[in-house]
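Undergrad: Below is input-v6.cif; it holds mmCIF, C-alpha atoms.
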```cif
data_start
loop_
_atom_site.group_PDB
_atom_site.id
_atom_site.type_symbol
_atom_site.label_atom_id
_atom_site.label_comp_id
_atom_site.auth_asym_id
_atom_site.auth_seq_id
_atom_site.Cartn_x
_atom_site.Cartn_y
_atom_site.Cartn_z
ATOM 1 C CA MET R 1 -51.085 48.738 17.233
ATOM 2 C CA THR R 2 -47.509 48.075 18.346
ATOM 3 C CA GLU R 3 -44.261 49.709 17.260
ATOM 4 C CA ASN R 4 -43.360 46.549 15.334
ATOM 5 C CA THR R 5 -46.700 46.606 13.541
ATOM 6 C CA TYR R 6 -46.109 50.218 12.565
ATOM 7 C CA THR R 7 -42.660 49.404 11.210
ATOM 8 C CA GLN R 8 -43.967 46.463 9.196
ATOM 9 C CA LEU R 9 -46.716 48.605 7.705
ATOM 10 C CA ASN R 10 -44.209 51.169 6.500
ATOM 11 C CA ASN R 11 -41.299 48.961 5.366
ATOM 12 C CA ASN R 12 -42.567 48.384 1.865
ATOM 13 C CA ASP R 13 -42.133 49.684 -1.659
ATOM 14 C CA ASP R 14 -45.393 51.686 -1.736
ATOM 15 C CA ASP R 15 -44.519 55.282 -0.919
ATOM 16 C CA THR R 16 -48.108 56.042 0.020
ATOM 17 C CA ALA R 17 -47.379 54.557 3.464
ATOM 18 C CA ILE R 18 -46.599 57.271 5.977
ATOM 19 C CA PRO R 19 -42.831 57.358 6.640
ATOM 20 C CA HIS R 20 -41.386 58.533 9.921
ATOM 21 C CA GLY R 21 -40.612 61.845 8.219
ATOM 22 C CA GLY R 22 -44.188 62.361 7.018
ATOM 23 C CA THR R 23 -46.208 64.812 9.091
ATOM 24 C CA VAL R 24 -49.862 64.080 9.859
ATOM 25 C CA LEU R 25 -52.332 66.899 10.435
ATOM 26 C CA VAL R 26 -54.938 66.063 13.064
ATOM 27 C CA THR R 27 -57.894 68.425 12.829
ATOM 28 C CA SER R 28 -59.884 69.083 16.000
ATOM 29 C CA GLY R 29 -56.697 67.935 17.678
ATOM 30 C CA THR R 30 -57.891 68.723 21.204
ATOM 31 C CA GLY R 31 -61.231 66.943 20.764
ATOM 32 C CA LYS R 32 -62.275 63.517 21.987
ATOM 33 C CA THR R 33 -61.071 61.657 18.889
ATOM 34 C CA GLY R 34 -58.340 64.006 17.670
ATOM 35 C CA ARG R 35 -56.508 63.964 20.992
ATOM 36 C CA ARG R 36 -56.403 60.168 21.026
ATOM 37 C CA VAL R 37 -55.247 59.939 17.418
ATOM 38 C CA ALA R 38 -52.494 62.497 18.012
ATOM 39 C CA GLU R 39 -51.279 60.679 21.132
ATOM 40 C CA ARG R 40 -51.044 57.363 19.284
ATOM 41 C CA LEU R 41 -49.231 58.816 16.298
ATOM 42 C CA THR R 42 -46.745 60.575 18.565
ATOM 43 C CA ALA R 43 -46.102 57.329 20.464
ATOM 44 C CA LEU R 44 -45.276 55.674 17.124
ATOM 45 C CA GLY R 45 -42.767 58.361 16.228
ATOM 46 C CA VAL R 46 -44.953 60.003 13.583
ATOM 47 C CA PRO R 47 -44.651 63.816 13.450
ATOM 48 C CA VAL R 48 -48.040 65.307 14.319
ATOM 49 C CA ARG R 49 -49.439 68.752 13.604
ATOM 50 C CA SER R 50 -52.414 69.201 15.909
ATOM 51 C CA GLY R 51 -54.842 71.763 14.573
ATOM 52 C CA SER R 52 -57.512 73.514 16.627
ATOM 53 C CA ARG R 53 -59.135 76.897 16.969
ATOM 54 C CA THR R 54 -56.962 77.904 19.934
ATOM 55 C CA GLY R 55 -53.886 75.679 19.512
ATOM 56 C CA GLU R 56 -50.384 76.346 18.211
ATOM 57 C CA VAL R 57 -51.568 75.382 14.721
ATOM 58 C CA PRO R 58 -54.697 77.461 14.034
ATOM 59 C CA PHE R 59 -57.436 75.426 12.358
ATOM 60 C CA ASP R 60 -61.041 76.548 12.377
ATOM 61 C CA TRP R 61 -63.725 74.824 10.286
ATOM 62 C CA GLN R 62 -65.509 78.179 9.987
ATOM 63 C CA ASP R 63 -62.459 80.007 8.593
ATOM 64 C CA ASP R 64 -60.449 78.400 5.784
ATOM 65 C CA SER R 65 -57.841 81.173 5.640
ATOM 66 C CA GLY R 66 -55.397 79.144 7.738
ATOM 67 C CA TRP R 67 -55.930 75.736 6.151
ATOM 68 C CA ALA R 68 -53.152 75.939 3.550
ATOM 69 C CA ALA R 69 -50.617 76.828 6.229
ATOM 70 C CA ALA R 70 -51.816 73.968 8.436
ATOM 71 C CA LEU R 71 -51.512 71.543 5.488
ATOM 72 C CA ASP R 72 -48.137 72.765 4.216
ATOM 73 C CA GLY R 73 -45.713 69.829 4.140
ATOM 74 C CA VAL R 74 -48.330 67.421 5.469
ATOM 75 C CA ARG R 75 -48.380 63.848 4.159
ATOM 76 C CA ALA R 76 -51.710 62.689 5.650
ATOM 77 C CA ALA R 77 -54.602 64.164 7.603
ATOM 78 C CA TYR R 78 -57.260 63.058 10.037
ATOM 79 C CA VAL R 79 -60.452 65.015 9.415
ATOM 80 C CA ALA R 80 -63.006 65.384 12.213
ATOM 81 C CA TYR R 81 -65.529 68.064 11.253
ATOM 82 C CA TYR R 82 -67.142 70.101 14.028
ATOM 83 C CA PRO R 83 -69.938 69.954 15.143
ATOM 84 C CA ASP R 84 -70.957 67.001 12.947
ATOM 85 C CA LEU R 85 -70.451 65.916 9.363
ATOM 86 C CA ALA R 86 -74.230 66.056 8.847
ATOM 87 C CA ALA R 87 -74.407 69.716 9.891
ATOM 88 C CA PRO R 88 -75.401 72.417 7.389
ATOM 89 C CA GLY R 89 -72.327 73.579 5.484
ATOM 90 C CA ALA R 90 -70.253 70.501 6.285
ATOM 91 C CA ALA R 91 -70.196 69.164 2.723
ATOM 92 C CA GLU R 92 -68.986 72.484 1.361
ATOM 93 C CA ALA R 93 -66.327 72.791 4.075
ATOM 94 C CA VAL R 94 -64.831 69.322 3.649
ATOM 95 C CA ALA R 95 -64.873 69.733 -0.138
ATOM 96 C CA ALA R 96 -62.840 72.927 0.269
ATOM 97 C CA PHE R 97 -60.510 71.049 2.600
ATOM 98 C CA GLY R 98 -60.082 68.320 -0.010
ATOM 99 C CA ARG R 99 -59.147 70.799 -2.724
ATOM 100 C CA ILE R 100 -56.598 72.550 -0.508
ATOM 101 C CA ALA R 101 -55.182 69.245 0.709
ATOM 102 C CA ALA R 102 -54.679 68.053 -2.861
ATOM 103 C CA ALA R 103 -53.008 71.329 -3.817
ATOM 104 C CA CYS R 104 -50.662 70.995 -0.827
ATOM 105 C CA GLY R 105 -49.577 67.489 -1.856
ATOM 106 C CA VAL R 106 -51.398 65.543 0.856
ATOM 107 C CA ARG R 107 -51.470 61.849 -0.048
ATOM 108 C CA ARG R 108 -54.000 60.415 2.386
ATOM 109 C CA VAL R 109 -57.052 61.567 4.345
ATOM 110 C CA VAL R 110 -59.013 59.629 6.965
ATOM 111 C CA LEU R 111 -62.451 61.127 7.541
ATOM 112 C CA LEU R 112 -64.557 60.626 10.652
ATOM 113 C CA SER R 113 -68.206 60.197 9.732
ATOM 114 C CA GLY R 114 -71.450 59.204 11.398
ATOM 115 C CA ARG R 115 -73.008 55.794 11.004
ATOM 116 C CA GLY R 116 -76.409 55.884 9.356
ATOM 117 C CA GLU R 117 -76.347 59.643 8.694
ATOM 118 C CA PRO R 118 -77.608 60.422 5.164
ATOM 119 C CA GLN R 119 -76.268 63.975 5.195
ATOM 120 C CA ALA R 120 -72.882 62.796 6.421
ATOM 121 C CA ALA R 121 -72.746 60.483 3.399
ATOM 122 C CA VAL R 122 -73.282 63.549 1.198
ATOM 123 C CA ALA R 123 -70.270 65.201 2.835
ATOM 124 C CA GLU R 124 -68.198 62.056 2.344
ATOM 125 C CA GLU R 125 -68.886 62.181 -1.388
ATOM 126 C CA ALA R 126 -68.119 65.890 -1.488
ATOM 127 C CA LEU R 127 -64.683 65.257 -0.015
ATOM 128 C CA ARG R 128 -63.959 62.396 -2.394
ATOM 129 C CA GLY R 129 -65.010 64.455 -5.375
ATOM 130 C CA ALA R 130 -62.860 67.431 -4.414
ATOM 131 C CA ALA R 131 -59.743 65.580 -3.245
ATOM 132 C CA GLY R 132 -58.728 64.244 -6.658
ATOM 133 C CA THR R 133 -56.008 61.624 -6.337
ATOM 134 C CA VAL R 134 -55.793 61.912 -2.548
ATOM 135 C CA GLU R 135 -56.541 58.558 -0.865
ATOM 136 C CA VAL R 136 -59.710 58.900 1.201
ATOM 137 C CA THR R 137 -60.738 56.444 3.917
ATOM 138 C CA VAL R 138 -64.035 56.919 5.767
ATOM 139 C CA VAL R 139 -64.589 55.759 9.338
ATOM 140 C CA ARG R 140 -68.287 55.751 10.229
ATOM 141 C CA SER R 141 -68.736 55.583 13.964
ATOM 142 C CA ALA R 142 -71.527 54.547 16.280
ATOM 143 C CA PHE R 143 -72.394 56.704 19.318
ATOM 144 C CA PHE R 144 -69.271 57.278 21.413
ATOM 145 C CA ALA R 145 -69.137 55.535 24.787
ATOM 146 C CA GLN R 146 -67.039 58.495 25.938
ATOM 147 C CA ASN R 147 -70.005 60.829 25.481
ATOM 148 C CA PHE R 148 -70.917 59.589 28.956
ATOM 149 C CA SER R 149 -67.524 60.533 30.404
ATOM 150 C CA GLU R 150 -66.219 63.458 28.341
ATOM 151 C CA GLY R 151 -69.272 64.865 26.592
ATOM 152 C CA ALA R 152 -72.686 66.306 27.241
ATOM 153 C CA LEU R 153 -73.839 63.296 29.282
ATOM 154 C CA LEU R 154 -71.053 63.488 31.883
ATOM 155 C CA ASP R 155 -73.006 65.659 34.299
ATOM 156 C CA GLY R 156 -76.000 63.361 33.953
ATOM 157 C CA VAL R 157 -73.976 60.336 35.054
ATOM 158 C CA ILE R 158 -72.574 62.278 38.001
ATOM 159 C CA GLY R 159 -76.045 63.536 38.946
ATOM 160 C CA GLY R 160 -77.692 60.143 38.493
ATOM 161 C CA GLU R 161 -80.074 61.121 35.656
ATOM 162 C CA LEU R 162 -79.383 60.737 31.951
ATOM 163 C CA VAL R 163 -81.808 63.014 30.127
ATOM 164 C CA PHE R 164 -81.704 62.227 26.414
ATOM 165 C CA PRO R 165 -84.053 61.779 23.414
ATOM 166 C CA ALA R 166 -83.237 58.147 22.620
ATOM 167 C CA GLY R 167 -86.472 56.418 23.623
ATOM 168 C CA THR R 168 -86.067 52.643 23.667
ATOM 169 C CA ALA R 169 -83.693 52.431 20.694
ATOM 170 C CA ALA R 170 -80.598 50.270 21.145
ATOM 171 C CA GLU R 171 -77.150 51.536 20.185
ATOM 172 C CA PRO R 172 -73.837 49.610 19.858
ATOM 173 C CA PHE R 173 -71.710 52.200 21.672
ATOM 174 C CA VAL R 174 -68.124 52.300 20.398
ATOM 175 C CA ASP R 175 -65.115 52.979 22.591
ATOM 176 C CA LEU R 176 -62.923 55.812 21.332
ATOM 177 C CA ASP R 177 -59.727 53.894 22.033
ATOM 178 C CA ASP R 178 -60.873 51.387 19.416
ATOM 179 C CA LEU R 179 -61.824 54.144 17.001
ATOM 180 C CA ALA R 180 -58.480 55.916 17.409
ATOM 181 C CA ASP R 181 -56.597 52.666 16.811
ATOM 182 C CA VAL R 182 -58.524 52.130 13.564
ATOM 183 C CA VAL R 183 -57.832 55.694 12.414
ATOM 184 C CA VAL R 184 -54.109 55.326 13.099
ATOM 185 C CA ALA R 185 -54.040 52.010 11.228
ATOM 186 C CA ALA R 186 -55.680 53.697 8.228
ATOM 187 C CA LEU R 187 -53.321 56.680 8.401
ATOM 188 C CA THR R 188 -50.117 54.671 8.667
ATOM 189 C CA GLY R 189 -50.824 51.434 6.806
ATOM 190 C CA ASP R 190 -51.656 50.411 3.272
ATOM 191 C CA GLY R 191 -54.782 48.833 1.816
ATOM 192 C CA HIS R 192 -57.304 51.335 3.190
ATOM 193 C CA ALA R 193 -57.673 53.698 0.223
ATOM 194 C CA GLY R 194 -61.315 54.125 -0.734
ATOM 195 C CA ALA R 195 -62.533 51.959 2.148
ATOM 196 C CA VAL R 196 -65.543 52.727 4.343
ATOM 197 C CA TYR R 197 -65.357 51.202 7.822
ATOM 198 C CA GLU R 198 -68.367 51.080 10.138
ATOM 199 C CA LEU R 199 -67.299 50.864 13.766
ATOM 200 C CA THR R 200 -69.446 49.676 16.674
ATOM 201 C CA GLY R 201 -69.046 48.016 20.015
ATOM 202 C CA PRO R 202 -69.676 44.271 20.422
ATOM 203 C CA ARG R 203 -73.301 44.579 21.598
ATOM 204 C CA SER R 204 -76.216 46.968 21.497
ATOM 205 C CA LEU R 205 -77.790 48.521 24.584
ATOM 206 C CA THR R 206 -80.699 50.856 25.126
ATOM 207 C CA PHE R 207 -79.890 54.025 27.030
ATOM 208 C CA ALA R 208 -81.741 52.568 29.989
ATOM 209 C CA GLU R 209 -79.454 49.509 29.886
ATOM 210 C CA ALA R 210 -76.409 51.753 29.509
ATOM 211 C CA ALA R 211 -77.538 53.686 32.586
ATOM 212 C CA GLU R 212 -77.735 50.409 34.520
ATOM 213 C CA GLU R 213 -74.181 49.529 33.458
ATOM 214 C CA LEU R 214 -72.978 52.950 34.538
ATOM 215 C CA GLY R 215 -74.770 52.564 37.867
ATOM 216 C CA ARG R 216 -73.058 49.227 38.505
ATOM 217 C CA ALA R 217 -69.675 50.721 37.647
ATOM 218 C CA THR R 218 -70.095 53.835 39.800
ATOM 219 C CA GLY R 219 -71.791 52.068 42.681
ATOM 220 C CA ARG R 220 -74.736 54.473 42.758
ATOM 221 C CA PRO R 221 -78.033 54.660 40.854
ATOM 222 C CA VAL R 222 -78.049 56.139 37.373
ATOM 223 C CA ARG R 223 -81.378 56.225 35.582
ATOM 224 C CA TYR R 224 -82.331 57.127 32.040
ATOM 225 C CA VAL R 225 -84.969 59.828 31.543
ATOM 226 C CA PRO R 226 -86.318 59.902 27.967
ATOM 227 C CA VAL R 227 -87.436 63.245 26.550
ATOM 228 C CA THR R 228 -88.671 64.488 23.199
ATOM 229 C CA GLY R 229 -86.337 66.140 20.706
ATOM 230 C CA PRO R 230 -87.796 69.645 21.229
ATOM 231 C CA ALA R 231 -87.546 69.250 25.009
ATOM 232 C CA TYR R 232 -83.911 68.248 24.684
ATOM 233 C CA ALA R 233 -83.193 71.207 22.396
ATOM 234 C CA ALA R 234 -84.699 73.521 25.002
ATOM 235 C CA LEU R 235 -82.529 71.913 27.672
ATOM 236 C CA LEU R 236 -79.406 72.466 25.567
ATOM 237 C CA GLU R 237 -80.324 76.113 25.128
ATOM 238 C CA GLU R 238 -80.588 76.455 28.891
ATOM 239 C CA PHE R 239 -76.968 75.329 29.070
ATOM 240 C CA GLY R 240 -75.875 77.956 26.562
ATOM 241 C CA VAL R 241 -76.003 76.069 23.268
ATOM 242 C CA PRO R 242 -77.155 78.414 20.459
ATOM 243 C CA GLY R 243 -80.714 77.753 19.335
ATOM 244 C CA ALA R 244 -79.873 76.643 15.790
ATOM 245 C CA GLU R 245 -77.191 74.230 16.995
ATOM 246 C CA ALA R 246 -79.457 72.865 19.728
ATOM 247 C CA ALA R 247 -82.231 72.222 17.201
ATOM 248 C CA PHE R 248 -79.806 70.533 14.819
ATOM 249 C CA LEU R 249 -78.421 68.250 17.524
ATOM 250 C CA ALA R 250 -81.881 67.249 18.726
ATOM 251 C CA GLU R 251 -82.947 66.449 15.165
ATOM 252 C CA LEU R 252 -79.718 64.531 14.555
ATOM 253 C CA PHE R 253 -80.225 62.347 17.625
ATOM 254 C CA ALA R 254 -83.805 61.654 16.589
ATOM 255 C CA THR R 255 -82.505 60.512 13.184
ATOM 256 C CA LEU R 256 -79.720 58.360 14.570
ATOM 257 C CA LEU R 257 -81.600 56.806 17.453
ATOM 258 C CA ASP R 258 -84.671 55.464 15.686
ATOM 259 C CA GLY R 259 -83.403 51.857 15.721
ATOM 260 C CA HIS R 260 -81.772 51.691 12.278
ATOM 261 C CA ASN R 261 -78.271 51.738 13.795
ATOM 262 C CA ALA R 262 -78.882 48.977 16.345
ATOM 263 C CA ALA R 263 -76.956 46.219 14.547
ATOM 264 C CA THR R 264 -73.308 45.639 15.398
ATOM 265 C CA THR R 265 -70.495 45.359 12.839
ATOM 266 C CA ASP R 266 -67.117 43.592 12.704
ATOM 267 C CA GLY R 267 -65.261 46.722 11.614
ATOM 268 C CA VAL R 268 -62.948 46.927 14.632
ATOM 269 C CA LYS R 269 -62.029 43.245 14.456
ATOM 270 C CA ARG R 270 -61.400 43.344 10.697
ATOM 271 C CA ILE R 271 -58.951 46.233 11.003
ATOM 272 C CA LEU R 272 -57.318 45.524 14.360
ATOM 273 C CA GLY R 273 -57.662 41.742 14.645
ATOM 274 C CA ARG R 274 -59.337 41.905 18.058
ATOM 275 C CA GLU R 275 -62.793 42.352 19.494
ATOM 276 C CA PRO R 276 -63.975 45.877 20.318
ATOM 277 C CA LYS R 277 -64.210 46.959 23.934
ATOM 278 C CA ASP R 278 -67.527 46.214 25.618
ATOM 279 C CA PHE R 279 -69.486 49.065 27.182
ATOM 280 C CA ALA R 280 -69.314 47.426 30.615
ATOM 281 C CA VAL R 281 -65.506 47.370 30.400
ATOM 282 C CA PHE R 282 -65.481 51.032 29.392
ATOM 283 C CA ALA R 283 -67.722 51.857 32.367
ATOM 284 C CA ARG R 284 -65.544 49.952 34.868
ATOM 285 C CA GLU R 285 -62.305 51.452 33.566
ATOM 286 C CA THR R 286 -63.696 54.975 33.545
ATOM 287 C CA ALA R 287 -65.150 54.616 37.025
ATOM 288 C CA GLY R 288 -61.736 53.434 38.200
ATOM 289 C CA ASP R 289 -60.185 56.612 36.793
ATOM 290 C CA GLY R 290 -62.449 58.711 39.033
ATOM 291 C CA VAL R 291 -64.123 60.630 36.208
ATOM 292 C CA TRP R 292 -67.599 60.267 37.759
ATOM 293 C CA HIS R 293 -66.699 61.106 41.354
ATOM 294 C CA GLY R 294 -68.280 64.526 40.938
#
```
What does this structure look like when you write it as structure tokens?
TA:
Amino acid sequence: MTENTYTQLNNNDDDTAIPHGGTVLVTSGTGKTGRRVAERLTALGVPVRSGSRTGEVPFDWQDDSGWAAALDGVRAAYVAYYPDLAAPGAAEAVAAFGRIAAACGVRRVVLLSGRGEPQAAVAEEALRGAAGTVEVTVVRSAFFAQNFSEGALLDGVIGGELVFPAGTAAEPFVDLDDLADVVVAALTGDGHAGAVYELTGPRSLTFAEAAEELGRATGRPVRYVPVTGPAYAALLEEFGVPGAEAAFLAELFATLLDGHNAATTDGVKRILGREPKDFAVFARETAGDGVWHG
């Protein structure tokens, strides 16, 4: 999105568009998606309030005592629930957020959700039901490409072994730059109220094929090592993840990576007017940035 595009989106008679004076709250503002959304909004001249557990604006999904203060004077909000919208308690938490947001006069919410996650869909409905007249847009995302460069799989790429419970399922990995651009378009432009956008990359790859792409980009072998869900949960616990969270994540991956999410969508192109970034391009660009040097 360019500065001119932003101006065109907001020079209209519908006051639901976010004006330059309208503050946007970005929850999980230091996370993979929140950081990118905040950077883009700031570049467009939109005032941003970045909320996180340890930031200047306290925002903790496990403690709603600070939510009203974080939402005071806010026009729109980007909602990224941690650890995942399908997690136990997520529906109740985002419903509470919706009620507080409505009471604070928030006009628009863009919610990050998971593609093909039944429990995440329950949380989506909970937010809609609680938010009243607040415009709600849902962005359902495929598996992040950046999980290989900023998430739990980073060390595996550096070490040359990707241990993960994905089997032979294919996934249309989405680049977070594309996702952030879509979120900003929904936050700042009109015509997105009530919409559900499914975002994917342009092609699907198995984790073994993704490992090959990463190997080509880094110039050294990277191989995929499939494991069972329980084995992966045990591995997460070894790295300090609490047992309940490790079990939830392993079960979530088993649900998501059973093949039902393999198809690509045109969500990125419909919103942004361009093709989404291919995984091979992501891998080359990230390798060039030195992230996987170790």
Undergrad: Taking all atoms listed in the file into account, produce a table as a Markdown table in which each residue of range 157-234 of chain R with an atom at most 7 Å from an atom of range 263-276 of chain R appears once, together with its shortest atom pair and the distance in Å to one decimal, ordered by chain and rising number.
TA:
```
| residue | atom | partner | partner_atom | distance |
| --- | --- | --- | --- | --- |
| R:Pro172 | CA | R:Thr264 | CA | 6.0 |
| R:Asp178 | CA | R:Pro276 | CA | 6.4 |
| R:Val182 | CA | R:Ile271 | CA | 6.4 |
| R:Tyr197 | CA | R:Gly267 | CA | 5.9 |
| R:Glu198 | CA | R:Gly267 | CA | 5.6 |
| R:Leu199 | CA | R:Gly267 | CA | 5.1 |
| R:Thr200 | CA | R:Thr264 | CA | 5.7 |
| R:Gly201 | CA | R:Pro276 | CA | 5.5 |
| R:Pro202 | CA | R:Pro276 | CA | 5.9 |
| R:Arg203 | CA | R:Thr264 | CA | 6.3 |
| R:Ser204 | CA | R:Thr264 | CA | 6.9 |
```
Undergrad: Applied to the shown file, which residues does the PyMOL selection byres ((chain R and resi 87-97) around 9) return, written as a ChimeraX atom specification?
TA: /R:61-62,64,67-68,79,81-86,98-102,119-120,122-131,245,248-249,252
Undergrad: What would the selection look like, as a list in words, if the PyMOL selection byres ((chain R and resi 219) around 12) were run on the coordinates I just shared?
TA: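 That expression, the PyMOL selection byres ((chain R and resi 219) around 12), corresponds here to Val157, Ile158, Gly160, Ala211, Glu212, Glu213, Leu214, Gly215, Arg216, Ala217, Thr218, Arg220, Pro221, Val222, Ala283, Arg284, Ala287, Gly288, Trp292 and His293 of chain R.
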Undergrad: One number please: CA of Ser52 in chain R to CA of Gly29 in chain R, in Å, one decimal.
TA: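 The value is 5.7 Å.
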Undergrad: What does the distance between CA of Leu179 in chain R and CA of Ala210 in chain R come to in Å, to one decimal place?
TA: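 Atom-to-atom, CA of Leu179 in chain R and CA of Ala210 in chain R are spaced 19.4 Å apart.
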Undergrad: May I ask for the distance between CA of Leu41 in chain R and CA of Val184 in chain R, given in Å to one decimal place?
TA: 6.8 Å
Undergrad: Starting from the displayed file, determine the output of the PyMOL selection byres ((chain R and resi 23) around 6) and express the residue list as a list of chain:residue names.
TA: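 For this structure, the PyMOL selection byres ((chain R and resi 23) around 6) captures R:Gly22, R:Val24, R:Pro47, R:Val48, R:Val74, R:Arg75.
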Undergrad: Name the residues in contact with range 174-176 of chain R at a cut-off of 7 Å, using only C-alpha atoms, excluding same-chain residues fewer than 6 positions from it; report them as a ChimeraX atom specification.
TA: /R:33,142-146,199-201,277
Undergrad: Counting only C-alpha atoms, which of R:Arg107, R:His192, R:Arg115, R:Arg223 gets nearest to Gly156 in chain R?
TA: R:Arg223
Undergrad: Could you list, as an MDAnalysis selection string, every residue within 9 Å of Tyr232 in chain R, counting all atoms listed in the file and ignoring same-chain residues fewer than 4 positions away?
TA: chainID R and resid 163:165 227:228 236:237 246:247 250
Undergrad: Here is a test: counting all atoms listed in the file, which residue of R:Val134, R:Arg40, R:Cys104, R:Val183 is nearest to Ala80 in chain R?
TA: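 Checking each of R:Val134, R:Arg40, R:Cys104, R:Val183 against Ala80 in chain R, counting all atoms listed in the file, the winner is R:Val183.
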Undergrad: Out of R:Gly240, R:Leu154, R:Val136, R:Glu251, which residue has the shortest atom-to-atom distance to Val196 in chain R when counting all atoms listed in the file?
TA: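 Of all the options, R:Val136 lies closest to Val196 in chain R.
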Undergrad: For Glu56 in chain R, which of R:Leu162, R:Ala38, R:Leu111, R:Ala70 is the closest residue, counting only C-alpha atoms?
TA: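 Smallest distance to Glu56 in chain R is found for R:Ala70.
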